[in-house]
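Participant: Attaching a single structure in structure tokens format; questions to follow.
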Amino acid sequence: MEFTANQIASLANGTVEGDGEVKISTIAKIEEGHPGAISFLANPKYTHYIYDTASSAVLVSNDFVPERPVKTTLIRVADPYTTVAHLLKMVESMITPQPKGIEQPVYVAEGVELPDDIYLGAFAYIGKDCRIGKNVKIYPQAYVGDRVVIGDNTVLYSGVKIYHGCKIGNNCILHSGAVIGADGFGFAPTADGYDKIPQIGNVEIEDNVEIGANTTIDRAMMGSTRIKKGVKLDNLIQIAHNCVVGENTAMAAQVGVAGSAKIGRNCMMGGQVGIAGHITVGDNVQIAAQSGLKESAPDNARLFGAPAIDFKAYCRQAMYVKDLPALYKKVNDLVKSHKQ
Amino acid sequence: MEFTANQIASLANGTVEGDGEVKISTIAKIEEGHPGAISFLANPKYTHYIYDTASSAVLVSNDFVPERPVKTTLIRVADPYTTVAHLLKMVESMITPQPKGIEQPVYVAEGVELPDDIYLGAFAYIGKDCRIGKNVKIYPQAYVGDRVVIGDNTVLYSGVKIYHGCKIGNNCILHSGAVIGADGFGFAPTADGYDKIPQIGNVEIEDNVEIGANTTIDRAMMGSTRIKKGVKLDNLIQIAHNCVVGENTAMAAQVGVAGSAKIGRNCMMGGQVGIAGHITVGDNVQIAAQSGLKESAPDNARLFGAPAIDFKAYCRQAMYVKDLPALYKKVNDLVKSHKQ
Amino acid sequence: MEFTANQIASLANGTVEGDGEVKISTIAKIEEGHPGAISFLANPKYTHYIYDTASSAVLVSNDFVPERPVKTTLIRVADPYTTVAHLLKMVESMITPQPKGIEQPVYVAEGVELPDDIYLGAFAYIGKDCRIGKNVKIYPQAYVGDRVVIGDNTVLYSGVKIYHGCKIGNNCILHSGAVIGADGFGFAPTADGYDKIPQIGNVEIEDNVEIGANTTIDRAMMGSTRIKKGVKLDNLIQIAHNCVVGENTAMAAQVGVAGSAKIGRNCMMGGQVGIAGHITVGDNVQIAAQSGLKESAPDNARLFGAPAIDFKAYCRQAMYVKDLPALYKKVNDLVKSHKQ
């Protein structure tokens, strides 16, 4: 796990300026550089760091022109960001465990056929009539209820819980503590409390979805709660029953989406956003952190505030609120001069 | 799992208009109807859907009078909502697994007597001197610490964690990842940090309580954190040490209640509400989503905002804030005309 | 587990007034006193309770002078709060399980040496090449990934999940459902969705840290997410990748800290606070519950609001907003009188 700058340059079709034999064993941000690390310069805002970085080498663009002498070794490449992404993937494949096989004990119910290339960690549980795809990794203490379907190459980290009848697509990653398919929160008021409304639907998660640690997605009352292709959910998010989250929508941690909300494609939500139930959010909508959306929003909306309104309108409103002391003074002066 | 409209009508003491032999295999919302599904019409707001629904049959009230021809089969019953609730329960009992018996391996400590009709999933853990009621279901990988008491018919889904000494009532449902009885957050400042204050109390949950996925309820410092009869908590809720949540109070996801707060009966809280510590909330209080309650609230209060105030007062305040641009213009016009 | 008032007084170097032979079997708050319980009086606000408390004995300061006759037995000590903290610890050591030894089955990978005095609960998982300190307690169904390091006297409660390569210090407590080291939320936009950015760093938690139930701390993209000495995190908190939380900082439940934020020492954050990514929070900063901090904050700041500003400024602003109806009236009166 140690390379020279020359070796990295040849992997990345790059050219070296400076000491090509310097040893590289890790990757670091340019502002946190240290000997033995390689950094990269993609954002011009960070250019000033290159003159003093302690990193042993820095990936720069072919057209980078230093304004002063640089002490570190430069590796010139077509696109430093792409190169570092490749390096990260290479390092990841070296340092991240890639477990295989079936540890013991596990519990696999009747009617389940496990693919040859599965990883099934100790104390994992697979219920009746599940269908498990190729090259799936199910880490220790994960729970897969009866009749669950899991697509190829999907990873369930330790302690993921999937209730009966849910479907997970191909190439998904579910992090520890994620709970998929618990009962939706549905109760009918009675004379002396509540009757539980049965939640007979399921959750369907399409391909290429990543679900963060301890995030919860409830099963539908009827039909399916749907998480569409390419959705990325951070940690501790709540998606209530019968919601639909559109393709490639991304949500930061602790967002909460109430029941039956329909969210479009390519939306982005900041942390701790709340979305009311039964509303529709269009495509490409962006909502700032901690906002609370109470009403449906059209495509391309930029929203902020609680209740959330147009981003710029909210910023103006905030300015007006901030200027209130001056307004009060003006009004009081007017009153005073008027009385005179 | 397939019925004719005639069969459903006879189960529900209803009468059929249209094709009584049409086949029904599932339930769908009237606006999401499709062939093979039965829908229901309880809310007049949805009446317009009945003329075009693709559902094969719709449950309507005996006194429903269509304004135009209806293509679907109608099943007339006394109360469509009650009928559909019964149908949902029937379907649920058919499609939801009802596991029984003891899977292997499990860990059951000394001094524990398991009832004959228990379900104990693989990798479940039952600590010393626990008392487990009749017809209890403890799903795989659940943890029940020493001296825990669990009432009859209670369900702990996969991965529920109950710390030592806590008590769970009859007919409760705890969803995956719920943590009951972790230490309350109590620390005494010292010269160089914090001393942990021992949390020697427990959590007591009464009958008919439902606790959502990944919700956490901390044990009391002394005495008990109490969740009273019929309380319904959604996912990812935090109930801190020494809180009391009154009978039939319902909280939506991601609500947080700080230490020693006392909450009355029949309250309703929207998602992401925060309740300050050491305050008292009366009975029948309703708090809108994302509000932050800093002070005690009387019975029947309707609250909104952060800090939360009377709902209508907050809505008025929000209107005033929204109208600020016009107010600024008015004031500036006055100043201008005054100077002239 | 029953003592007389005389016995407690002699343990605590105290003197008894009243019935020294009264039996004490538990501790209760003075306002919730009952026979058999001992209470304490440290805060003068609670003095009035002492005349009617049902507790069998009350710890008071040596210089306490009652204004009326007291029915309960008094035990006079130098510092009632310290004495009760000692009593709580004594009671805790009596009633809290102190498990030892290795239950079966567990999974311990190759290359792991377990200390003699470990507690390893059933269905716990220890990955390859982990290093486990002395007197560590790993409760049932906890997961410790490959190459994890755990310091002496640390406790992992049931269902804690620690991903590969993370480090936990000495004397730490991690509550059930805490997830340490899941992937940071990092994705690069592409033409048709997102590419996952590998998260090759880890999480490092220093000594004397307590982590609440279902709290999540993500691994760094590169380098480490750092939780420094003495940090106390409540339940359901999100700490994103590459954050640093300074020594003895305490956060209440449901706080969310976005990526690469650096937080100083001895800070205190109320519940549901949100901290934006890439900002720096100084030492001794206090942030009121539900606030949203968007910009860096200096040492000793007191902050409130969303977006968070100076605490007092925010309270003034809130007053101005509350007084808006009066301001509108004033302005409208001016307009009216001006027109005349």
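Each chain in the structure tokens gets a letter, A, B and so on, in the order shown; residues start at 1 in every chain, and ligands are counted from 1 in the order they appear.
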Residues of chain C were defined as contacting chain A if any atom lay at most 7 Å from it, counting only C-alpha atoms; please report them as a PyMOL selection string.
Facilitator: chain C and resi 107+123+141+161+177+179+182+185+193+197-198+200+214+216+222-223+320+331
Participant: May I have the residues from that selection written out with C-alpha atoms, as a PDB file, in the first residue's frame?
Facilitator:
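Below is the file out-v9.pdb, written as the result:
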```pdb
ATOM      1  CA  TYR C 107     -18.590 -14.853  16.874  1.00  0.00           C
ATOM      2  CA  PHE C 123     -24.764 -13.085  19.492  1.00  0.00           C
ATOM      3  CA  GLN C 141     -25.991  -8.470  19.428  1.00  0.00           C
ATOM      4  CA  LYS C 161     -22.683  -1.193  15.528  1.00  0.00           C
ATOM      5  CA  GLY C 177     -28.468   1.284  18.424  1.00  0.00           C
ATOM      6  CA  VAL C 179     -23.935   3.418  14.746  1.00  0.00           C
ATOM      7  CA  ALA C 182     -21.232   4.252   8.530  1.00  0.00           C
ATOM      8  CA  PHE C 185     -22.977  11.107   2.744  1.00  0.00           C
ATOM      9  CA  GLY C 193     -27.689  10.626 -11.047  1.00  0.00           C
ATOM     10  CA  ILE C 197     -17.516   9.017  -3.331  1.00  0.00           C
ATOM     11  CA  PRO C 198     -15.651   6.340  -1.360  1.00  0.00           C
ATOM     12  CA  ILE C 200     -12.066   5.667   3.285  1.00  0.00           C
ATOM     13  CA  ASN C 214     -29.549   5.387  18.011  1.00  0.00           C
ATOM     14  CA  THR C 216     -25.058   8.026  14.283  1.00  0.00           C
ATOM     15  CA  MET C 222     -10.424  10.846   4.287  1.00  0.00           C
ATOM     16  CA  GLY C 223      -8.836  11.074   7.734  1.00  0.00           C
ATOM     17  CA  TYR C 320     -40.519  43.273  17.851  1.00  0.00           C
ATOM     18  CA  VAL C 331     -48.822  53.368  11.043  1.00  0.00           C
TER      19      VAL C 331
END
```
Participant: Using only C-alpha atoms, can you tell me which of C:Asp79, C:Asp207, C:Asp152, C:Asp129 comes closest to Asn43 of chain C?
Facilitator: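 Once distances to Asn43 of chain C are computed over only C-alpha atoms, the minimum belongs to C:Asp79.
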Participant: Find the spatial neighbours of Gly274 of chain A, counting only C-alpha atoms, within a cut-off of 7 Å - ignore same-chain residues fewer than 4 positions away - and output them as a ChimeraX atom specification.
Facilitator: /A:255-257,291-293
Participant: Would you put the residues from that selection into a file with N, CA and C atoms, as a compact mmCIF listing (two decimals), in the first residue's frame?
Facilitator:
```txt
# COMPACT_ATOMS: atom_id res chain seq x y z
N VAL A 255 -34.23 14.47 7.87
CA VAL A 255 -35.43 14.93 7.17
C VAL A 255 -36.60 14.03 7.58
N GLY A 256 -37.79 14.62 7.64
CA GLY A 256 -39.00 13.84 7.91
C GLY A 256 -40.05 14.09 6.85
N VAL A 257 -40.56 13.04 6.25
CA VAL A 257 -41.59 13.16 5.21
C VAL A 257 -42.84 12.46 5.70
N SER A 291 -36.22 23.72 6.90
CA SER A 291 -37.47 24.28 6.40
C SER A 291 -38.62 23.31 6.65
N GLY A 292 -39.84 23.86 6.65
CA GLY A 292 -41.03 23.03 6.81
C GLY A 292 -41.99 23.30 5.66
N LEU A 293 -42.19 22.32 4.81
CA LEU A 293 -43.02 22.52 3.63
C LEU A 293 -44.44 22.03 3.93
```
Participant: I'd like the neighbourhood of Glu2 of chain B as a count of residues only, where a residue qualifies if any of its atoms comes within 12 Å (using only C-alpha atoms), though same-chain residues fewer than 2 positions away should be ignored.
Facilitator: 17
Participant: Using DSSP secondary structure from the backbone, list all helix (DSSP H, G or I) positions within segment 168-324 of chain B, as a PyMOL selection string.
Facilitator: chain B and resi 311-322+324
Participant: Neighbours of Asp299 of chain B within 6 Å (only C-alpha atoms; same-chain residues fewer than 2 positions away dropped), as a list in words?
Facilitator: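 The filter keeps Gly282, Asp283, Asn284, Val285 and Ala301 of chain B.
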Participant: Put those residues in a file: N, CA and C atoms, as an mmCIF file, in the first residue's frame.
Facilitator:
```cif
data_model
loop_
_atom_site.group_PDB
_atom_site.id
_atom_site.type_symbol
_atom_site.label_atom_id
_atom_site.label_comp_id
_atom_site.auth_asym_id
_atom_site.auth_seq_id
_atom_site.Cartn_x
_atom_site.Cartn_y
_atom_site.Cartn_z
ATOM 1 N N GLY B 282 -51.053 20.231 29.246
ATOM 2 C CA GLY B 282 -52.365 19.758 29.697
ATOM 3 C C GLY B 282 -52.944 18.654 28.825
ATOM 4 N N ASP B 283 -54.213 18.340 29.048
ATOM 5 C CA ASP B 283 -54.913 17.331 28.253
ATOM 6 C C ASP B 283 -55.427 17.946 26.945
ATOM 7 N N ASN B 284 -55.596 17.097 25.925
ATOM 8 C CA ASN B 284 -56.192 17.522 24.644
ATOM 9 C C ASN B 284 -55.437 18.667 23.973
ATOM 10 N N VAL B 285 -54.172 18.767 24.228
ATOM 11 C CA VAL B 285 -53.381 19.825 23.599
ATOM 12 C C VAL B 285 -52.950 19.363 22.209
ATOM 13 N N ALA B 301 -55.178 23.539 24.629
ATOM 14 C CA ALA B 301 -54.437 24.542 23.857
ATOM 15 C C ALA B 301 -54.190 24.039 22.440
#
```
Participant: Between B:Leu120, B:Ile162, B:Ala297, B:Ala9, which is the closest to Asp183 of chain B once you count only C-alpha atoms?
Facilitator: B:Ile162
Participant: Using DSSP on the backbone, list every residue of segment 163-226 of chain B that comes out as strand (DSSP E), and give them as number ranges by chain.
Facilitator: B: 167-168, 173-174, 179-182, 187-190, 193-196, 202-205, 210-211, 216-218, 224-226
Participant: Give me the residues within 10 Å of Tyr49 of chain C as a list in words, counting only C-alpha atoms and dropping any in the same chain fewer than 2 places off.
Facilitator: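 Selected residues are Ile30, Glu31, Glu32, Gly33, Leu41, Lys45, Tyr46, Thr47, Tyr51, Asp52, Thr53 and Ala54 of chain C.
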